[in-house]
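Asks: Got final-v3.cif for you, mmCIF, C-alpha atoms:
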data_my_file
#
loop_
_atom_site.label_atom_id
_atom_site.label_comp_id
_atom_site.auth_asym_id
_atom_site.auth_seq_id
_atom_site.Cartn_x
_atom_site.Cartn_y
_atom_site.Cartn_z
CA MET A 92 22.97 -22.61 18.76
CA THR A 93 20.01 -24.94 19.32
CA ASP A 94 17.97 -22.08 20.80
CA SER A 95 18.82 -19.87 17.81
CA ILE A 96 17.72 -22.55 15.34
CA SER A 97 14.52 -23.08 17.32
CA LEU A 98 13.77 -19.36 17.23
CA LEU A 99 14.38 -19.19 13.48
CA THR A 100 12.12 -22.20 12.96
CA ARG A 101 9.32 -20.56 14.95
CA CYS A 102 9.66 -17.28 13.02
CA PHE A 103 9.60 -19.20 9.72
CA ALA A 104 6.47 -21.05 10.80
CA VAL A 105 4.75 -17.79 11.67
CA SER A 106 5.65 -16.40 8.25
CA LEU A 107 4.32 -19.53 6.53
CA ALA A 108 1.09 -19.28 8.48
CA GLY A 109 0.55 -15.86 7.00
CA LEU A 110 0.27 -14.16 10.37
CA ALA A 111 3.18 -11.75 10.01
CA ILE A 112 0.76 -9.13 8.77
CA LEU A 113 -0.07 -5.60 9.73
CA PRO A 114 -3.05 -5.18 12.07
CA PRO A 115 -6.27 -4.18 10.35
CA VAL A 116 -7.10 -0.49 10.33
CA ALA A 117 -10.54 0.57 11.52
CA ALA A 118 -11.77 2.76 8.69
CA GLU A 119 -13.22 6.08 9.75
CA PRO A 120 -16.95 5.87 8.99
CA PRO A 121 -18.62 8.61 6.94
CA LEU A 122 -20.41 11.28 8.94
CA ASP A 123 -23.91 10.09 9.78
CA PRO A 124 -26.32 12.92 8.80
CA GLN A 125 -28.84 11.56 11.32
CA ALA A 126 -26.42 11.56 14.27
CA ALA A 127 -26.96 14.11 17.03
CA MET A 128 -24.00 16.50 16.92
CA GLU A 129 -22.63 19.45 18.85
CA LYS A 130 -20.97 22.15 16.75
CA LYS A 131 -18.39 24.87 17.34
CA ALA A 132 -18.06 27.22 14.36
CA LEU A 133 -14.54 28.21 13.31
CA PHE A 134 -15.62 31.00 10.95
CA ALA A 135 -18.07 33.87 11.27
CA PRO A 136 -18.34 36.86 8.90
CA GLU A 137 -17.36 39.31 11.61
CA GLU A 138 -14.15 37.31 12.19
CA VAL A 139 -12.84 37.53 8.62
CA LYS A 140 -10.12 39.99 9.70
CA ALA A 141 -8.73 37.29 11.99
CA TRP A 142 -7.67 35.38 8.86
CA ASP A 143 -4.25 36.68 7.82
CA VAL A 144 -3.14 36.41 4.18
CA ALA A 145 0.03 36.02 2.12
CA GLU A 146 -0.07 36.39 -1.69
CA CYS A 147 -3.86 36.04 -1.73
CA GLU A 148 -7.17 37.64 -0.67
CA VAL A 149 -9.86 36.60 1.80
CA VAL A 150 -13.40 37.99 2.03
CA THR A 151 -16.85 36.76 3.06
CA SER A 152 -19.23 35.63 0.32
CA ALA A 153 -22.75 34.30 -0.14
CA ALA A 154 -22.04 33.06 -3.69
CA HIS A 155 -21.52 29.45 -2.57
CA VAL A 156 -22.71 28.33 0.86
CA LYS A 157 -24.10 25.21 2.52
CA ASP A 158 -25.99 25.80 5.81
CA ALA A 159 -24.27 29.05 6.79
CA ALA A 160 -25.29 32.41 5.35
CA GLN A 161 -21.70 33.40 4.50
CA ALA A 162 -18.62 31.44 3.45
CA LEU A 163 -14.93 32.22 3.68
CA HIS A 164 -13.88 33.12 0.11
CA TRP A 165 -10.18 32.50 -0.55
CA HIS A 166 -8.97 33.98 -3.85
CA VAL A 167 -5.56 33.29 -5.33
CA LYS A 168 -4.09 34.62 -8.59
CA VAL A 169 -0.91 32.72 -9.36
CA ASP A 170 1.96 35.11 -10.09
CA TYR A 171 5.41 33.73 -10.76
CA HIS A 172 7.02 37.15 -10.28
CA ALA A 173 5.28 38.90 -7.38
CA GLY A 174 5.93 36.52 -4.51
CA GLU A 175 8.53 36.69 -1.79
CA LYS A 176 11.87 37.90 -3.17
CA ALA A 177 13.70 34.65 -2.51
CA TYR A 178 10.75 32.52 -3.67
CA PRO A 179 8.86 34.27 -6.50
CA VAL A 180 7.00 31.01 -7.25
CA GLY A 181 5.66 30.76 -3.74
CA TRP A 182 2.99 29.51 -1.37
CA PRO A 183 -0.15 31.66 -1.14
CA ARG A 184 -1.83 30.99 2.19
CA THR A 185 -4.43 32.16 4.66
CA GLY A 186 -4.99 31.11 8.24
CA ARG A 187 -6.04 32.07 11.72
CA THR A 188 -4.28 31.75 15.05
CA PHE A 189 -6.23 30.65 18.11
CA LYS A 190 -6.03 32.20 21.55
CA ALA A 191 -4.45 30.19 24.34
CA GLY A 192 -6.95 28.25 26.41
CA ALA A 193 -10.25 26.72 25.32
CA GLU A 194 -9.87 27.89 21.70
CA GLN A 195 -6.74 25.77 21.30
CA ASP A 196 -8.07 22.59 22.93
CA TRP A 197 -9.73 20.43 20.27
CA SER A 198 -9.19 17.16 22.15
CA GLY A 199 -12.83 16.95 23.25
CA TRP A 200 -14.12 17.08 19.67
CA ASP A 201 -14.48 14.33 17.05
CA TYR A 202 -14.03 16.07 13.67
CA LEU A 203 -12.83 19.15 11.85
CA HIS A 204 -15.58 19.51 9.28
CA GLY A 205 -16.61 21.80 6.48
CA TRP A 206 -17.51 22.09 2.79
CA ILE A 207 -15.23 23.36 0.00
CA TYR A 208 -16.52 24.73 -3.31
CA ALA A 209 -13.87 25.23 -6.01
CA GLU A 210 -13.74 27.58 -8.99
CA THR A 211 -10.73 28.08 -11.27
CA SER A 212 -9.71 29.65 -14.56
CA ARG A 213 -8.21 26.30 -15.53
CA THR A 214 -10.05 23.57 -17.38
CA THR A 215 -9.38 21.20 -14.49
CA LEU A 216 -7.64 21.50 -11.15
CA PRO A 217 -4.11 20.13 -10.66
CA ARG A 218 -3.55 16.87 -8.79
CA LYS A 219 -2.80 18.75 -5.55
CA PRO A 220 -4.78 21.98 -5.86
CA ALA A 221 -4.54 23.04 -2.18
CA GLY A 222 -4.14 21.80 1.35
CA VAL A 223 -4.94 22.55 4.96
CA THR A 224 -2.57 22.28 7.91
CA VAL A 225 -3.06 22.21 11.67
CA LYS A 226 -0.19 23.47 13.80
CA SER A 227 0.77 23.74 17.43
CA ALA A 228 3.91 25.63 18.41
CA GLY A 229 6.62 25.92 15.75
CA ASP A 230 6.57 26.09 11.97
CA ALA A 231 6.16 22.42 11.11
CA PRO A 232 2.53 21.26 10.75
CA ASP A 233 1.22 18.60 13.11
CA TYR A 234 -1.34 17.56 10.50
CA LEU A 235 -1.46 18.05 6.72
CA HIS A 236 -4.43 17.29 4.49
CA GLN A 237 -4.16 17.60 0.70
CA PHE A 238 -7.37 18.32 -1.21
CA THR A 239 -6.76 15.76 -3.94
CA ASP A 240 -10.50 15.25 -4.51
CA LEU A 241 -11.53 18.86 -5.24
CA LYS A 242 -13.53 19.30 -8.44
CA LYS A 243 -14.15 22.47 -10.41
CA GLY A 244 -17.69 23.77 -9.89
CA ASP A 245 -18.59 21.29 -7.17
CA TRP A 246 -18.66 20.79 -3.40
CA THR A 247 -16.19 18.57 -1.52
CA GLU A 248 -16.70 17.56 2.09
CA LEU A 249 -13.85 18.15 4.53
CA LEU A 250 -13.87 15.57 7.33
CA ILE A 251 -10.74 15.21 9.47
CA PRO A 252 -10.91 12.99 12.59
CA ILE A 253 -9.46 14.88 15.55
CA SER A 254 -7.83 11.61 16.62
CA GLU A 255 -5.42 12.03 13.67
CA ILE A 256 -4.17 15.43 14.90
CA SER A 257 -1.26 14.88 17.28
CA SER A 258 -1.53 18.38 18.78
CA ALA A 259 -5.31 18.30 19.33
CA ALA A 260 -5.02 19.60 22.90
CA ALA A 261 -2.98 22.65 21.84
CA VAL A 262 -3.92 23.76 18.32
CA ASN A 263 -2.29 27.09 17.64
CA ARG A 264 -3.14 27.62 13.97
CA LEU A 265 -5.32 26.44 11.09
CA GLN A 266 -4.09 27.34 7.60
CA PHE A 267 -5.08 26.83 3.96
CA HIS A 268 -2.31 26.90 1.37
CA LEU A 269 -1.30 26.01 -2.16
CA SER A 270 1.96 25.70 -4.08
CA GLU A 271 2.16 27.95 -7.13
CA SER A 272 4.43 25.37 -8.77
CA ASP A 273 1.32 23.18 -9.21
CA TYR A 274 -0.26 25.91 -11.36
CA SER A 275 0.60 27.95 -14.44
CA ASP A 276 1.43 31.64 -14.18
CA GLY A 277 -1.80 33.65 -14.25
CA ASP A 278 -4.12 30.83 -13.11
CA THR A 279 -6.78 31.70 -10.55
CA LEU A 280 -8.27 29.59 -7.77
CA ASP A 281 -11.31 30.48 -5.68
CA LEU A 282 -12.22 28.28 -2.73
CA TYR A 283 -15.41 28.89 -0.77
CA VAL A 284 -15.11 27.33 2.69
CA SER A 285 -18.57 26.88 4.19
CA ASP A 286 -19.67 25.66 7.63
CA LEU A 287 -16.13 25.22 8.92
CA ALA A 288 -16.54 23.85 12.43
CA LEU A 289 -15.56 21.35 15.09
CA LEU A 290 -18.12 18.57 15.55
CA ARG A 291 -18.70 15.88 18.17
CA HIS A 292 -21.36 13.28 18.86
CA SER A 293 -23.68 14.36 21.63
CA THR A 294 -24.84 10.81 22.45
CA PRO A 295 -22.69 7.73 23.24
CA THR A 296 -21.47 6.22 19.97
CA LEU A 297 -19.17 3.34 19.04
CA LEU A 298 -17.23 4.87 16.15
CA THR A 299 -14.84 2.05 15.25
CA PHE A 300 -14.22 -1.52 16.36
CA VAL A 301 -11.68 -4.02 15.02
CA PRO A 302 -9.59 -7.00 16.19
CA GLU A 303 -5.90 -6.16 16.59
CA ARG A 304 -5.19 -8.66 13.82
CA SER A 305 -7.41 -10.07 11.11
CA ALA A 306 -5.90 -13.58 11.61
CA MET A 307 -4.64 -15.47 14.64
CA TYR A 308 -3.92 -19.01 15.86
CA ALA A 309 -6.96 -21.05 16.85
CA ASP A 310 -5.34 -22.03 20.17
CA ALA A 311 -4.70 -18.42 21.32
CA ASP A 312 -5.80 -17.70 24.89
CA PHE A 313 -7.01 -14.17 24.19
CA LEU A 314 -8.42 -12.11 21.35
CA PRO A 315 -7.42 -8.42 21.68
CA VAL A 316 -9.75 -5.88 20.08
CA MET A 317 -9.66 -2.09 19.74
CA ALA A 318 -12.73 0.10 20.21
CA ARG A 319 -13.12 3.86 19.82
CA VAL A 320 -16.01 5.47 21.68
CA THR A 321 -17.31 9.03 21.58
CA GLY A 322 -20.25 10.99 22.97
CA LEU A 323 -19.24 10.41 26.61
CA LYS A 324 -18.28 13.14 29.04
CA SER A 325 -15.04 13.04 31.01
CA GLY A 326 -15.27 10.29 33.64
CA GLU A 327 -18.49 8.86 32.19
CA THR A 328 -18.64 5.16 31.23
CA ARG A 329 -20.92 2.99 29.13
CA GLU A 330 -21.04 -0.82 28.82
CA LEU A 331 -19.64 -2.37 25.64
CA THR A 332 -20.47 -5.97 24.78
CA CYS A 333 -18.07 -7.93 22.55
CA GLU A 334 -18.94 -11.34 21.11
CA LEU A 335 -17.05 -13.93 19.08
CA ARG A 336 -19.44 -15.83 16.83
CA ARG A 337 -19.07 -18.68 14.39
CA GLY A 338 -22.18 -18.57 12.27
CA ALA A 339 -25.13 -18.74 14.67
CA GLU A 340 -22.94 -20.12 17.48
CA LEU A 341 -21.89 -17.79 20.29
CA VAL A 342 -18.32 -18.75 21.23
CA THR A 343 -17.72 -16.20 23.97
CA ARG A 344 -18.95 -12.84 25.21
CA ILE A 345 -17.63 -10.10 27.50
CA THR A 346 -19.18 -6.87 28.75
CA ARG A 347 -16.89 -4.10 29.95
CA PRO A 348 -17.29 -0.43 30.91
CA VAL A 349 -15.64 1.87 28.36
CA THR A 350 -14.78 5.56 28.37
CA ARG A 351 -14.39 8.18 25.65
CA GLY A 352 -11.52 7.50 23.25
CA GLU A 353 -9.71 4.40 22.01
CA GLN A 354 -9.33 1.39 24.29
CA ARG A 355 -8.12 -2.22 24.17
CA LEU A 356 -10.24 -5.14 25.37
CA LEU A 357 -9.44 -8.86 25.68
CA LEU A 358 -11.85 -11.71 24.93
CA ASP A 359 -10.91 -14.84 26.92
CA LEU A 360 -10.57 -17.83 24.57
CA ALA A 361 -8.70 -20.20 26.93
CA GLY A 362 -10.15 -23.70 26.88
CA LYS A 363 -12.59 -22.99 24.06
CA GLY A 364 -10.99 -25.58 21.74
CA LEU A 365 -11.58 -23.50 18.66
CA ALA A 366 -11.11 -25.02 15.22
CA PRO A 367 -9.61 -23.10 12.29
CA GLY A 368 -12.09 -21.13 10.21
CA ASP A 369 -13.78 -17.77 9.79
CA CYS A 370 -15.52 -15.98 12.66
CA ASP A 371 -17.33 -12.73 13.34
CA VAL A 372 -16.42 -10.37 16.16
CA VAL A 373 -19.43 -8.23 17.12
CA ALA A 374 -19.47 -5.17 19.38
CA THR A 375 -22.51 -3.34 20.72
CA LEU A 376 -22.48 -0.20 22.90
CA ALA A 377 -25.29 0.01 25.46
CA GLY A 378 -27.99 2.34 24.16
CA GLN A 379 -26.73 2.12 20.56
CA THR A 380 -28.84 -0.36 18.61
CA LYS A 381 -26.54 -0.82 15.61
CA PRO A 382 -23.59 -3.18 16.30
CA ILE A 383 -20.27 -3.20 14.45
CA THR A 384 -19.09 -6.54 13.02
CA ALA A 385 -15.52 -7.41 12.04
CA LYS A 386 -14.13 -10.56 10.41
CA LEU A 387 -11.53 -12.83 12.04
CA ARG A 388 -9.70 -15.80 10.51
CA LEU A 389 -8.51 -18.58 12.84
CA VAL A 390 -5.67 -20.75 11.50
CA GLU A 391 -4.12 -24.02 12.63
CA SER A 392 -1.40 -23.54 15.22
CA PRO A 393 2.05 -24.86 14.20
CA TRP A 394 2.84 -25.74 17.83
CA LYS A 395 0.40 -28.67 18.15
#
Take the structure from the file and write it as structure tokens.

Replies:
Amino acid sequence: MTDSISLLTRCFAVSLAGLAILPPVAAEPPLDPQAAMEKKALFAPEEVKAWDVAECEVVTSAAHVKDAAQALHWHVKVDYHAGEKAYPVGWPRTGRTFKAGAEQDWSGWDYLHGWIYAETSRTTLPRKPAGVTVKSAGDAPDYLHQFTDLKKGDWTELLIPISEISSAAAVNRLQFHLSESDYSDGDTLDLYVSDLALLRHSTPTLLTFVPERSAMYADADFLPVMARVTGLKSGETRELTCELRRGAELVTRITRPVTRGEQRLLLDLAGKGLAPGDCDVVATLAGQTKPITAKLRLVESPWK
């Protein structure tokens, strides 16, 4: 009974300290237009027949393009009566299936990227005008992205981190779709998909860096941090330096070799005698001049 009460007391103290919180999420940075990138196009005009259709049309078009000469033009006329027999208000869709092998392996890439231009007979687009799914084997999508930010007569950037796609090593299909129930009978939607491609950094880059928690006890022995690195080949390493700073004071520093992908590092805080307060955690990848800084709050330990 005494042990149970002690455990409850410790849990209550943690809750009071405000540390029972979710770990911070490292926000995906916007695509740097100055970054050196490799590109693998996922659409070419001669491949338009590889895009199958259901309750819609697909052609190439130069009406709205970004860098490419031709865009994939997806045209849908909503028809509440001409869909599949069991579902007359259906799901118009177009997609392509990838061949087994290198075409299906996206794990070595950083982003699925492209530009979407929208035209419609409506005054404005519905809240969920369309979506894109990534699938491996089976019918259920492994990744679903809803285009909630599409605007009539304007471009919208598509930027999906490959790290968010669970089946990145075995992508079988990429598909655009909409639900006719989000539209009125007779509405039209035209999406121009330009420069659809896989992208990756061609030079070593620290994409994201964040402590596992935004607050921790000042007497903790270690500070765990998460770093995501790209631009390295398989088996290649690069040194990453992590520092804990309080104002101009350097509290501690480590330098470790890192590889491509996400990894966990520990900063040794044992014996530092840290006082509660706000700190900065700074990470710098060798050869990359711009560091990433994250905030950390140290709080008084209840076990003193």

Asks: Leaving out Cys370 of chain A and any residue of its chain fewer than 3 positions from it, which residues lie within 10 Å of it when counting all atoms listed in the file, given as a ChimeraX atom specification?

Replies: /A:306,335-338,340,342,367,373,385-389

Asks: Just write the chosen residues, C-alpha atoms, as a compact mmCIF listing (two decimals), in the frame of the given file.

Replies:
# COMPACT_ATOMS: atom_id res chain seq x y z
CA ALA A 306 -5.90 -13.58 11.61
CA LEU A 335 -17.05 -13.93 19.08
CA ARG A 336 -19.44 -15.83 16.83
CA ARG A 337 -19.07 -18.68 14.39
CA GLY A 338 -22.18 -18.57 12.27
CA GLU A 340 -22.94 -20.12 17.48
CA VAL A 342 -18.32 -18.75 21.23
CA PRO A 367 -9.61 -23.10 12.29
CA VAL A 373 -19.43 -8.23 17.12
CA ALA A 385 -15.52 -7.41 12.04
CA LYS A 386 -14.13 -10.56 10.41
CA LEU A 387 -11.53 -12.83 12.04
CA ARG A 388 -9.70 -15.80 10.51
CA LEU A 389 -8.51 -18.58 12.84

Asks: Counting all atoms listed in the file, which residues of segment 233-263 of chain A fall within 12 Å of segment 155-177 of chain A, and what is the closest atom pair for each with its distance in Å at one decimal, ordered by chain and rising number, as CSV?

Replies:
residue,atom,partner,partner_atom,distance
A:Gly244,CA,A:His155,CA,10.0
A:Asp245,CA,A:His155,CA,9.8
A:Trp246,CA,A:His155,CA,9.2
A:Thr247,CA,A:Lys157,CA,11.1
A:Glu248,CA,A:Lys157,CA,10.7

Asks: Would you output that residue set with C-alpha atoms, as a PDB file, keeping the file's coordinate frame?

Replies:
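The result, stored in selection-v5.pdb:
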ATOM      1  CA  GLY A 244     -17.690  23.770  -9.890  1.00  0.00           C
ATOM      2  CA  ASP A 245     -18.590  21.290  -7.170  1.00  0.00           C
ATOM      3  CA  TRP A 246     -18.660  20.790  -3.400  1.00  0.00           C
ATOM      4  CA  THR A 247     -16.190  18.570  -1.520  1.00  0.00           C
ATOM      5  CA  GLU A 248     -16.700  17.560   2.090  1.00  0.00           C
TER       6      GLU A 248
END

Asks: Can you tell me, as a ChimeraX atom specification, what residues are no more than 9 Å from segment 352-354 of chain A when counting all atoms listed in the file, ignoring any on the same chain fewer than 6 positions away?

Replies: /A:254,299,316-321,323

Asks: How would the residues just picked look written out with C-alpha atoms as a short mmCIF file (atom, residue, chain, number, x, y, z; two decimals), in the frame of the given file?

Replies:
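Contents of selection.cif, freshly written:
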data_model
loop_
_atom_site.label_atom_id
_atom_site.label_comp_id
_atom_site.auth_asym_id
_atom_site.auth_seq_id
_atom_site.Cartn_x
_atom_site.Cartn_y
_atom_site.Cartn_z
CA SER A 254 -7.83 11.61 16.62
CA THR A 299 -14.84 2.05 15.25
CA VAL A 316 -9.75 -5.88 20.08
CA MET A 317 -9.66 -2.09 19.74
CA ALA A 318 -12.73 0.10 20.21
CA ARG A 319 -13.12 3.86 19.82
CA VAL A 320 -16.01 5.47 21.68
CA THR A 321 -17.31 9.03 21.58
CA LEU A 323 -19.24 10.41 26.61
#

Asks: Between A:Val390, A:Leu289, A:Ala141, A:Leu280, which residue has the minimum interatomic distance to Ser305 of chain A, considering only C-alpha atoms?

Replies: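 Looking at the shortest contact to Ser305 of chain A, the residue is A:Val390.
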
Asks: Would you mind telling me which residue in A:Arg347, A:Lys226, A:His268, A:Arg329 lies nearest to Phe189 of chain A when using all atoms listed in the file?

Replies: A:Lys226

Asks: Mind giving me the straight-line distance from atom CA of Glu391 of chain A to atom CA of Gly368 of chain A in Å, one decimal?

Replies: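 Separating atom CA of Glu391 of chain A from atom CA of Gly368 of chain A is a distance of 8.8 Å.
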
Asks: Report as a list of chain:residue names the residues that result from applying the PyMOL selection byres ((chain A and resi 185) around 10) to the structure here.

Replies: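 That expression, the PyMOL selection byres ((chain A and resi 185) around 10), corresponds here to A:Ala141, A:Trp142, A:Asp143, A:Val144, A:Ala145, A:Glu146, A:Cys147, A:Glu148, A:Val149, A:Trp165, A:His166, A:Trp182, A:Pro183, A:Arg184, A:Gly186, A:Arg187, A:Val223, A:Leu265, A:Gln266, A:Phe267, A:His268, A:Leu269.
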
Asks: Residue by residue, what does the PyMOL selection byres ((chain A and resi 330) around 10) grab here? Present the result as a PDB file with C-alpha atoms, keeping the file's coordinate frame.

Replies:
ATOM      1  CA  THR A 328     -18.640   5.160  31.230  1.00  0.00           C
ATOM      2  CA  ARG A 329     -20.920   2.990  29.130  1.00  0.00           C
ATOM      3  CA  LEU A 331     -19.640  -2.370  25.640  1.00  0.00           C
ATOM      4  CA  THR A 332     -20.470  -5.970  24.780  1.00  0.00           C
ATOM      5  CA  CYS A 333     -18.070  -7.930  22.550  1.00  0.00           C
ATOM      6  CA  ILE A 345     -17.630 -10.100  27.500  1.00  0.00           C
ATOM      7  CA  THR A 346     -19.180  -6.870  28.750  1.00  0.00           C
ATOM      8  CA  ARG A 347     -16.890  -4.100  29.950  1.00  0.00           C
ATOM      9  CA  PRO A 348     -17.290  -0.430  30.910  1.00  0.00           C
ATOM     10  CA  VAL A 349     -15.640   1.870  28.360  1.00  0.00           C
ATOM     11  CA  THR A 350     -14.780   5.560  28.370  1.00  0.00           C
ATOM     12  CA  THR A 375     -22.510  -3.340  20.720  1.00  0.00           C
ATOM     13  CA  LEU A 376     -22.480  -0.200  22.900  1.00  0.00           C
ATOM     14  CA  ALA A 377     -25.290   0.010  25.460  1.00  0.00           C
ATOM     15  CA  GLY A 378     -27.990   2.340  24.160  1.00  0.00           C
TER      16      GLY A 378
END

Asks: Taking the file as shown, find all residues satisfying the PyMOL selection byres ((chain A and resi 211) around 7) and write them as a list in words.

Replies: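 On the file shown, the PyMOL selection byres ((chain A and resi 211) around 7) covers Ala209, Glu210, Ser212, Arg213, Lys243, Thr279, Leu280 and Asp281 of chain A.
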
Asks: For Glu271 of chain A, which residue out of A:Leu297, A:Leu235, A:Ala221, A:Leu241 is the nearest one, using all atoms listed in the file?

Replies: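 Once distances to Glu271 of chain A are computed over all atoms listed in the file, the minimum belongs to A:Ala221.
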
Asks: Using Å and a single decimal, report how far atom CA of Phe300 of chain A sits from atom CA of Asp123 of chain A.

Replies: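 These atoms are spaced 16.5 Å apart.
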
Asks: Just the number, please: distance in Å from atom CA of Asp240 of chain A to atom CA of Trp206 of chain A, one decimal.

Replies: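 We find that atom CA of Asp240 of chain A and atom CA of Trp206 of chain A lie 12.2 Å from each other.
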
Asks: Name the closest residue to Leu298 of chain A among the candidates A:Pro120, A:Pro217, A:Gly326, A:Gly364; distances are taken between atoms, counting all atoms listed in the file.

Replies: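 The closest residue to Leu298 of chain A is A:Pro120.
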
Asks: Within 12 Å of Gly192 of chain A, counting all atoms listed in the file, which residues qualify if same-chain residues fewer than 2 places away don't, as a PyMOL selection string?

Replies: chain A and resi 189-190+194-197+260-263

Asks: Since the input lacks some atoms of segment 136-151 of chain A, please model N, CA and C atoms and print them as a short mmCIF file (atom, residue, chain, number, x, y, z; two decimals), keeping the file's coordinate frame.

Replies:
data_model
loop_
_atom_site.label_atom_id
_atom_site.label_comp_id
_atom_site.auth_asym_id
_atom_site.auth_seq_id
_atom_site.Cartn_x
_atom_site.Cartn_y
_atom_site.Cartn_z
N PRO A 136 -18.66 35.71 9.75
CA PRO A 136 -18.34 36.86 8.90
C PRO A 136 -17.61 37.98 9.63
N GLU A 137 -17.99 38.22 10.87
CA GLU A 137 -17.36 39.31 11.61
C GLU A 137 -15.91 38.98 12.01
N GLU A 138 -15.50 37.72 11.84
CA GLU A 138 -14.15 37.31 12.19
C GLU A 138 -13.21 37.23 10.99
N VAL A 139 -13.66 37.71 9.82
CA VAL A 139 -12.84 37.53 8.62
C VAL A 139 -11.48 38.20 8.76
N LYS A 140 -11.40 39.29 9.53
CA LYS A 140 -10.12 39.99 9.70
C LYS A 140 -9.13 39.17 10.53
N ALA A 141 -9.63 38.15 11.22
CA ALA A 141 -8.73 37.29 11.99
C ALA A 141 -7.95 36.35 11.08
N TRP A 142 -8.36 36.25 9.81
CA TRP A 142 -7.67 35.38 8.86
C TRP A 142 -6.60 36.20 8.14
N ASP A 143 -5.34 35.95 8.48
CA ASP A 143 -4.25 36.68 7.82
C ASP A 143 -3.99 36.08 6.43
N VAL A 144 -3.34 36.84 5.56
CA VAL A 144 -3.14 36.41 4.18
C VAL A 144 -1.69 36.64 3.75
N ALA A 145 -1.25 35.84 2.79
CA ALA A 145 0.03 36.02 2.12
C ALA A 145 -0.15 35.63 0.65
N GLU A 146 0.04 36.60 -0.25
CA GLU A 146 -0.07 36.39 -1.69
C GLU A 146 -1.47 35.92 -2.11
N CYS A 147 -2.49 36.44 -1.43
CA CYS A 147 -3.86 36.04 -1.73
C CYS A 147 -4.83 37.04 -1.11
N GLU A 148 -6.13 36.79 -1.26
CA GLU A 148 -7.17 37.64 -0.67
C GLU A 148 -8.20 36.75 0.03
N VAL A 149 -8.79 37.29 1.09
CA VAL A 149 -9.86 36.60 1.80
C VAL A 149 -10.99 37.57 2.10
N VAL A 150 -12.21 37.19 1.74
CA VAL A 150 -13.40 37.99 2.03
C VAL A 150 -14.53 37.04 2.41
N THR A 151 -15.65 37.58 2.86
CA THR A 151 -16.85 36.76 3.06
C THR A 151 -17.66 36.78 1.77
#
